[in-house]
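Student: As input, take work.cif (mmCIF, C-alpha atoms):
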```cif
data_model
loop_
_atom_site.label_atom_id
_atom_site.label_comp_id
_atom_site.auth_asym_id
_atom_site.auth_seq_id
_atom_site.Cartn_x
_atom_site.Cartn_y
_atom_site.Cartn_z
CA ASP R 147 21.73 -76.77 -1.35
CA THR R 148 21.70 -73.81 1.05
CA ALA R 149 24.55 -74.01 3.55
CA VAL R 150 22.86 -72.43 6.58
CA SER R 151 19.11 -72.08 6.45
CA GLN R 152 16.80 -70.60 9.03
CA THR R 153 13.05 -70.27 9.17
CA PRO R 154 10.96 -68.25 9.17
CA LYS R 155 12.45 -65.27 7.33
CA TYR R 156 9.88 -62.89 8.79
CA LEU R 157 8.01 -63.20 12.06
CA VAL R 158 5.47 -60.69 13.35
CA THR R 159 3.93 -61.45 16.71
CA GLN R 160 2.30 -59.84 19.71
CA MET R 161 3.95 -59.05 23.02
CA GLY R 162 3.76 -61.90 25.46
CA ASN R 163 3.72 -64.66 22.84
CA ASP R 164 6.23 -67.53 22.61
CA LYS R 165 7.95 -68.19 19.29
CA SER R 166 10.70 -70.35 17.81
CA ILE R 167 13.22 -69.86 15.03
CA LYS R 168 14.78 -72.92 13.41
CA CYS R 169 18.26 -73.25 11.98
CA GLU R 170 19.93 -76.04 10.05
CA GLN R 171 23.38 -76.30 8.46
CA ASN R 172 24.55 -78.90 5.96
CA LEU R 173 28.24 -77.98 6.08
CA GLY R 174 29.23 -80.59 8.65
CA HIS R 175 30.39 -77.88 11.05
CA ASP R 176 30.75 -78.62 14.76
CA THR R 177 29.92 -75.16 16.04
CA MET R 178 26.76 -73.12 15.64
CA TYR R 179 25.81 -69.67 16.88
CA TRP R 180 22.94 -67.28 17.33
CA TYR R 181 23.56 -63.57 16.75
CA LYS R 182 21.19 -60.63 17.23
CA GLN R 183 21.42 -57.59 14.95
CA ASP R 184 19.67 -54.52 16.32
CA SER R 185 18.29 -51.49 14.51
CA LYS R 186 21.76 -49.90 14.51
CA LYS R 187 23.04 -52.98 12.64
CA PHE R 188 25.28 -54.10 15.51
CA LEU R 189 25.77 -57.87 15.29
CA LYS R 190 26.07 -59.33 18.78
CA ILE R 191 26.71 -62.93 19.81
CA MET R 192 23.99 -64.54 21.93
CA PHE R 193 24.86 -68.23 22.12
CA SER R 194 27.51 -70.61 20.88
CA TYR R 195 27.13 -74.41 20.68
CA ASN R 196 29.85 -76.94 19.97
CA ASN R 197 28.84 -80.53 19.23
CA LYS R 198 25.38 -79.91 20.69
CA GLU R 199 26.76 -78.46 23.92
CA LEU R 200 26.36 -74.87 25.04
CA ILE R 201 29.77 -73.25 25.33
CA ILE R 202 28.95 -69.56 25.40
CA ASN R 203 25.91 -67.79 26.74
CA GLU R 204 26.29 -64.05 26.64
CA THR R 205 24.17 -61.78 28.78
CA VAL R 206 20.84 -62.77 27.32
CA PRO R 207 17.54 -62.90 29.24
CA ASN R 208 16.58 -66.42 30.20
CA ARG R 209 13.43 -65.99 28.09
CA PHE R 210 15.75 -67.03 25.25
CA SER R 211 16.48 -70.74 25.21
CA PRO R 212 18.54 -72.39 22.49
CA LYS R 213 18.11 -76.10 21.74
CA SER R 214 20.45 -78.26 19.70
CA PRO R 215 18.88 -81.67 18.94
CA ASP R 216 21.93 -82.61 16.85
CA LYS R 217 25.08 -81.04 15.39
CA ALA R 218 23.27 -79.79 12.31
CA HIS R 219 20.47 -77.95 14.10
CA LEU R 220 20.30 -75.09 16.56
CA ASN R 221 16.86 -73.69 17.30
CA LEU R 222 16.02 -70.59 19.30
CA HIS R 223 12.92 -70.42 21.45
CA ILE R 224 11.79 -67.11 22.92
CA ASN R 225 9.21 -66.87 25.70
CA SER R 226 7.09 -63.88 26.66
CA LEU R 227 8.23 -61.73 23.78
CA GLU R 228 8.87 -58.04 24.47
CA LEU R 229 9.00 -55.02 22.17
CA GLY R 230 12.77 -54.81 22.66
CA ASP R 231 13.21 -58.26 21.18
CA SER R 232 12.45 -56.84 17.75
CA ALA R 233 15.60 -57.37 15.69
CA VAL R 234 17.10 -59.58 13.02
CA TYR R 235 18.36 -62.90 14.38
CA PHE R 236 21.12 -64.69 12.49
CA CYS R 237 22.17 -68.27 12.85
CA ALA R 238 25.74 -69.14 11.82
CA SER R 239 28.08 -72.11 11.79
CA SER R 240 31.83 -72.60 11.56
CA ARG R 241 34.55 -75.20 11.76
CA ARG R 242 37.80 -73.35 12.31
CA ASP R 243 37.90 -70.18 10.32
CA GLU R 244 35.12 -68.10 8.86
CA ALA R 245 31.53 -68.32 9.97
CA PHE R 246 28.71 -68.87 7.49
CA PHE R 247 25.45 -67.07 8.17
CA GLY R 248 21.84 -67.92 7.51
CA GLN R 249 19.65 -65.37 5.76
CA GLY R 250 18.30 -63.99 9.03
CA THR R 251 14.90 -63.87 10.70
CA ARG R 252 13.37 -60.43 11.06
CA LEU R 253 11.35 -60.55 14.25
CA THR R 254 8.86 -57.75 14.89
CA VAL R 255 7.04 -57.66 18.21
CA VAL R 256 3.92 -55.48 18.24
CA GLY X 218 36.85 -58.38 26.59
CA GLN X 219 36.93 -57.07 23.08
CA ASN X 220 36.73 -53.51 21.77
CA ILE X 221 36.54 -53.12 18.00
CA ASP X 222 36.31 -49.71 16.33
CA GLN X 223 35.59 -48.75 12.75
CA PRO X 224 34.11 -45.63 11.14
CA THR X 225 30.33 -45.53 11.01
CA GLU X 226 29.96 -44.27 7.46
CA MET X 227 32.05 -43.60 4.38
CA THR X 228 31.29 -42.33 0.90
CA ALA X 229 33.41 -42.93 -2.19
CA THR X 230 33.12 -42.48 -5.93
CA GLU X 231 32.61 -45.21 -8.48
CA GLY X 232 35.97 -46.36 -9.88
CA ALA X 233 37.93 -45.01 -6.90
CA ILE X 234 39.77 -46.79 -4.10
CA VAL X 235 38.55 -46.77 -0.49
CA GLN X 236 40.22 -47.94 2.70
CA ILE X 237 38.12 -48.95 5.71
CA ASN X 238 40.08 -49.05 8.95
CA CYS X 239 39.50 -51.22 11.99
CA THR X 240 41.28 -51.07 15.34
CA TYR X 241 40.85 -53.66 18.04
CA GLN X 242 41.79 -54.22 21.67
CA THR X 243 41.32 -57.81 22.74
CA SER X 244 42.37 -60.11 25.54
CA GLY X 245 43.47 -62.65 22.92
CA PHE X 246 43.64 -62.93 19.17
CA ASN X 247 43.16 -65.73 16.68
CA GLY X 248 42.38 -63.95 13.45
CA LEU X 249 40.66 -60.93 12.00
CA PHE X 250 37.81 -61.22 9.51
CA TRP X 251 36.04 -58.85 7.16
CA TYR X 252 32.45 -59.42 6.12
CA GLN X 253 30.21 -57.61 3.65
CA GLN X 254 26.53 -57.15 4.39
CA HIS X 255 24.05 -55.72 1.92
CA ALA X 256 20.86 -54.24 3.33
CA GLY X 257 18.40 -56.95 4.30
CA GLU X 258 20.86 -59.76 3.67
CA ALA X 259 23.21 -61.99 5.64
CA PRO X 260 26.86 -61.08 6.23
CA THR X 261 29.14 -62.80 3.71
CA PHE X 262 32.81 -63.59 4.25
CA LEU X 263 35.37 -61.44 2.44
CA SER X 264 38.76 -62.05 3.99
CA TYR X 265 40.75 -63.46 6.88
CA ASN X 266 44.11 -62.38 8.32
CA VAL X 267 45.91 -64.16 11.10
CA LEU X 268 49.50 -63.13 10.29
CA ASP X 269 50.77 -59.61 9.68
CA GLY X 270 50.68 -58.37 6.13
CA LEU X 271 48.45 -57.98 3.13
CA GLU X 272 46.04 -60.57 1.74
CA GLU X 273 44.78 -59.83 -1.76
CA LYS X 274 41.67 -61.24 -3.33
CA GLY X 275 40.72 -59.62 -6.61
CA ARG X 276 39.50 -56.06 -6.03
CA PHE X 277 39.58 -56.56 -2.24
CA SER X 278 42.65 -56.63 -0.01
CA SER X 279 42.97 -56.80 3.74
CA PHE X 280 45.92 -55.83 5.88
CA LEU X 281 46.78 -56.73 9.47
CA SER X 282 49.25 -55.42 12.03
CA ARG X 283 48.93 -57.43 15.23
CA SER X 284 51.36 -55.24 17.17
CA LYS X 285 49.24 -52.18 16.42
CA GLY X 286 45.87 -53.89 16.76
CA TYR X 287 45.00 -52.56 13.33
CA SER X 288 43.52 -53.79 10.10
CA TYR X 289 42.15 -52.25 6.96
CA LEU X 290 40.04 -53.42 4.06
CA LEU X 291 40.97 -51.91 0.70
CA LEU X 292 38.43 -51.89 -2.10
CA LYS X 293 39.68 -50.97 -5.57
CA GLU X 294 37.79 -50.00 -8.74
CA LEU X 295 34.68 -49.35 -6.73
CA GLN X 296 31.37 -50.39 -8.23
CA MET X 297 27.87 -49.33 -7.24
CA LYS X 298 27.20 -52.85 -6.00
CA ASP X 299 29.94 -52.39 -3.38
CA SER X 300 27.55 -50.12 -1.45
CA ALA X 301 27.05 -52.15 1.71
CA SER X 302 28.11 -52.41 5.34
CA TYR X 303 31.58 -53.79 6.00
CA LEU X 304 32.03 -55.57 9.31
CA CYS X 305 35.34 -56.13 11.03
CA ALA X 306 35.41 -59.13 13.40
CA VAL X 307 37.95 -60.72 15.71
CA ARG X 308 38.19 -64.26 17.05
CA GLU X 309 39.75 -65.07 20.41
CA PRO X 310 42.29 -67.88 20.58
CA SER X 311 40.52 -70.60 22.52
CA GLY X 312 38.68 -73.23 20.50
CA ASN X 313 35.74 -72.35 18.33
CA THR X 314 34.93 -69.06 19.99
CA PRO X 315 32.46 -66.89 18.12
CA LEU X 316 33.46 -63.92 16.03
CA VAL X 317 33.09 -60.61 17.85
CA PHE X 318 32.00 -57.89 15.45
CA GLY X 319 32.57 -54.17 15.27
CA LYS X 320 29.57 -51.97 14.57
CA GLY X 321 30.23 -51.94 10.85
CA THR X 322 31.03 -49.26 8.32
CA ARG X 323 28.29 -48.30 5.90
CA LEU X 324 29.89 -47.55 2.54
CA SER X 325 28.00 -45.58 -0.08
CA VAL X 326 29.40 -45.61 -3.61
CA ILE X 327 28.24 -42.65 -5.68
CA ALA X 328 28.48 -41.97 -9.40
#
```
The structure in this file should be written as structure tokens.

Tutor:
Amino acid sequence: DTAVSQTPKYLVTQMGNDKSIKCEQNLGHDTMYWYKQDSKKFLKIMFSYNNKELIINETVPNRFSPKSPDKAHLNLHINSLELGDSAVYFCASSRRDEAFFGQGTRLTVV
Amino acid sequence: GQNIDQPTEMTATEGAIVQINCTYQTSGFNGLFWYQQHAGEAPTFLSYNVLDGLEEKGRFSSFLSRSKGYSYLLLKELQMKDSASYLCAVREPSGNTPLVFGKGTRLSVIA
């Protein structure tokens, strides 16, 4: 009965590959987010979706493309992976107040 | 834009009290949040302040002064398991905007 779940938990891949991270929430929230946490542990917003529509897209390379097939899912697809993409990616959801986070996906690009 | 500052690291002794400060400068404000994050885990919600004053929740309390752009998280009766990063975050007023996080304070609790 996990509230926000994302898969995979670990992802190791070579430069230039394309990969996806999946996220699902069963909280009935309208808004979902993707955050990136770098090696210095700084948690930075990448995208925000409300009712399947993109409402915020921070300065993120267009190699990153979020997709929301329905309110409960927000997937992140990354093309042409680069070394600098190595980080932990967190999915989160909220209704009005606090955000609930998934367990994170540690992406390592080699 | 948002600018959120908190100390990078703090160390405190088991059983003691520690206060982690957070200052923010934002173009709008709709609440201040504190999250705890253990190494290798997801951030988990601790507290939320939208009005001035102190919110108490067991060993943890959080204070807000909107006029000063200031908050603190107070942890009492520290335990070793409280060693973690503590993240201050602010939400802007319009709709379901995402939380904007500070860089976090890594707290080490020592015996």

Student: Using all atoms listed in the file, find the residues of chain X whose closest atom to chain R is at most 8 Å away, then write them as a ChimeraX atom specification.

Tutor: /X:250,258-262,265,313-321

Student: Quick one: pull the distance between atom CA of Lys293 of chain X and atom CA of Arg276 of chain X, Å, one decimal.

Tutor: 5.1 Å

Student: Which residues match the PyMOL selection byres ((chain R and resi 161-171) around 7) in the file above, as a ChimeraX atom specification?

Tutor: /R:149-154,159-160,172-173,218-229,237,255-256

Student: To verify the selection step, state as JSON, numbers by chain which residues the PyMOL selection byres ((chain X and resi 289) around 12) yields on this input.

Tutor: {"X": [222, 223, 224, 235, 236, 237, 238, 239, 240, 241, 249, 250, 251, 264, 265, 266, 269, 270, 271, 272, 273, 277, 278, 279, 280, 281, 282, 283, 285, 286, 287, 288, 290, 291, 292, 303, 304, 305, 306, 322]}

Student: For the atom pair atom CA of Arg323 of chain X and atom CA of Ile221 of chain X, what is the interatomic distance in Å to one decimal place?

Tutor: 15.4 Å

Student: Can you work out the spacing between atom CA of Leu263 of chain X and atom CA of Arg308 of chain X in Å, to one decimal?

Tutor: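 Interatomic distance, atom CA of Leu263 of chain X to atom CA of Arg308 of chain X: 15.1 Å.
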
Student: I'd like to know which of R:Ser214, R:Thr254, R:Ser185, R:Asn197 is closest to Asp231 of chain R, using all atoms listed in the file.

Tutor: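 Smallest separation from Asp231 of chain R among the options: R:Thr254.
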
Student: Taking into account all atoms listed in the file, which residue in the set X:Gln254, X:Ser244, X:Gln296, X:Ser284 is nearest to Ala229 of chain X?

Tutor: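 Counting all atoms listed in the file, the residue closest to Ala229 of chain X is X:Gln296.
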
Student: R:Leu157, R:Asp216, R:Lys182, R:Pro207: which is nearest Tyr235 of chain R, counting only C-alpha atoms?

Tutor: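 Between R:Leu157, R:Asp216, R:Lys182, R:Pro207, the residue approaching Tyr235 of chain R most closely is R:Lys182.
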
Student: Check the smallest atom-to-atom distance from each of X:Leu268, X:Leu295, X:Gln253, X:Ser302 to Gly232 of chain X using only C-alpha atoms, then report the winner.

Tutor: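 The closest residue to Gly232 of chain X is X:Leu295.
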
Student: Kindly complete segment 298-309 of chain X to N, CA and C atoms; the output should be written as a short mmCIF file (atom, residue, chain, number, x, y, z; two decimals), keeping the file's coordinate frame.

Tutor:
```cif
data_model
loop_
_atom_site.label_atom_id
_atom_site.label_comp_id
_atom_site.auth_asym_id
_atom_site.auth_seq_id
_atom_site.Cartn_x
_atom_site.Cartn_y
_atom_site.Cartn_z
N LYS X 298 27.64 -51.70 -6.79
CA LYS X 298 27.20 -52.85 -6.00
C LYS X 298 28.03 -53.06 -4.73
N ASP X 299 29.13 -52.30 -4.61
CA ASP X 299 29.94 -52.39 -3.38
C ASP X 299 29.31 -51.59 -2.24
N SER X 300 28.26 -50.83 -2.52
CA SER X 300 27.55 -50.12 -1.45
C SER X 300 26.96 -51.15 -0.50
N ALA X 301 27.43 -51.14 0.73
CA ALA X 301 27.05 -52.15 1.71
C ALA X 301 27.68 -51.76 3.05
N SER X 302 27.39 -52.55 4.07
CA SER X 302 28.11 -52.41 5.34
C SER X 302 29.27 -53.38 5.35
N TYR X 303 30.39 -52.95 5.90
CA TYR X 303 31.58 -53.79 6.00
C TYR X 303 31.89 -53.97 7.48
N LEU X 304 31.91 -55.23 7.89
CA LEU X 304 32.03 -55.57 9.31
C LEU X 304 33.39 -56.18 9.58
N CYS X 305 34.07 -55.61 10.56
CA CYS X 305 35.34 -56.13 11.03
C CYS X 305 35.03 -57.04 12.22
N ALA X 306 35.68 -58.20 12.31
CA ALA X 306 35.41 -59.13 13.40
C ALA X 306 36.69 -59.80 13.84
N VAL X 307 36.76 -60.09 15.13
CA VAL X 307 37.95 -60.72 15.71
C VAL X 307 37.54 -62.01 16.40
N ARG X 308 38.42 -63.02 16.31
CA ARG X 308 38.19 -64.26 17.05
C ARG X 308 39.25 -64.40 18.13
N GLU X 309 38.82 -64.80 19.32
CA GLU X 309 39.75 -65.07 20.41
C GLU X 309 40.38 -66.44 20.21
#
```
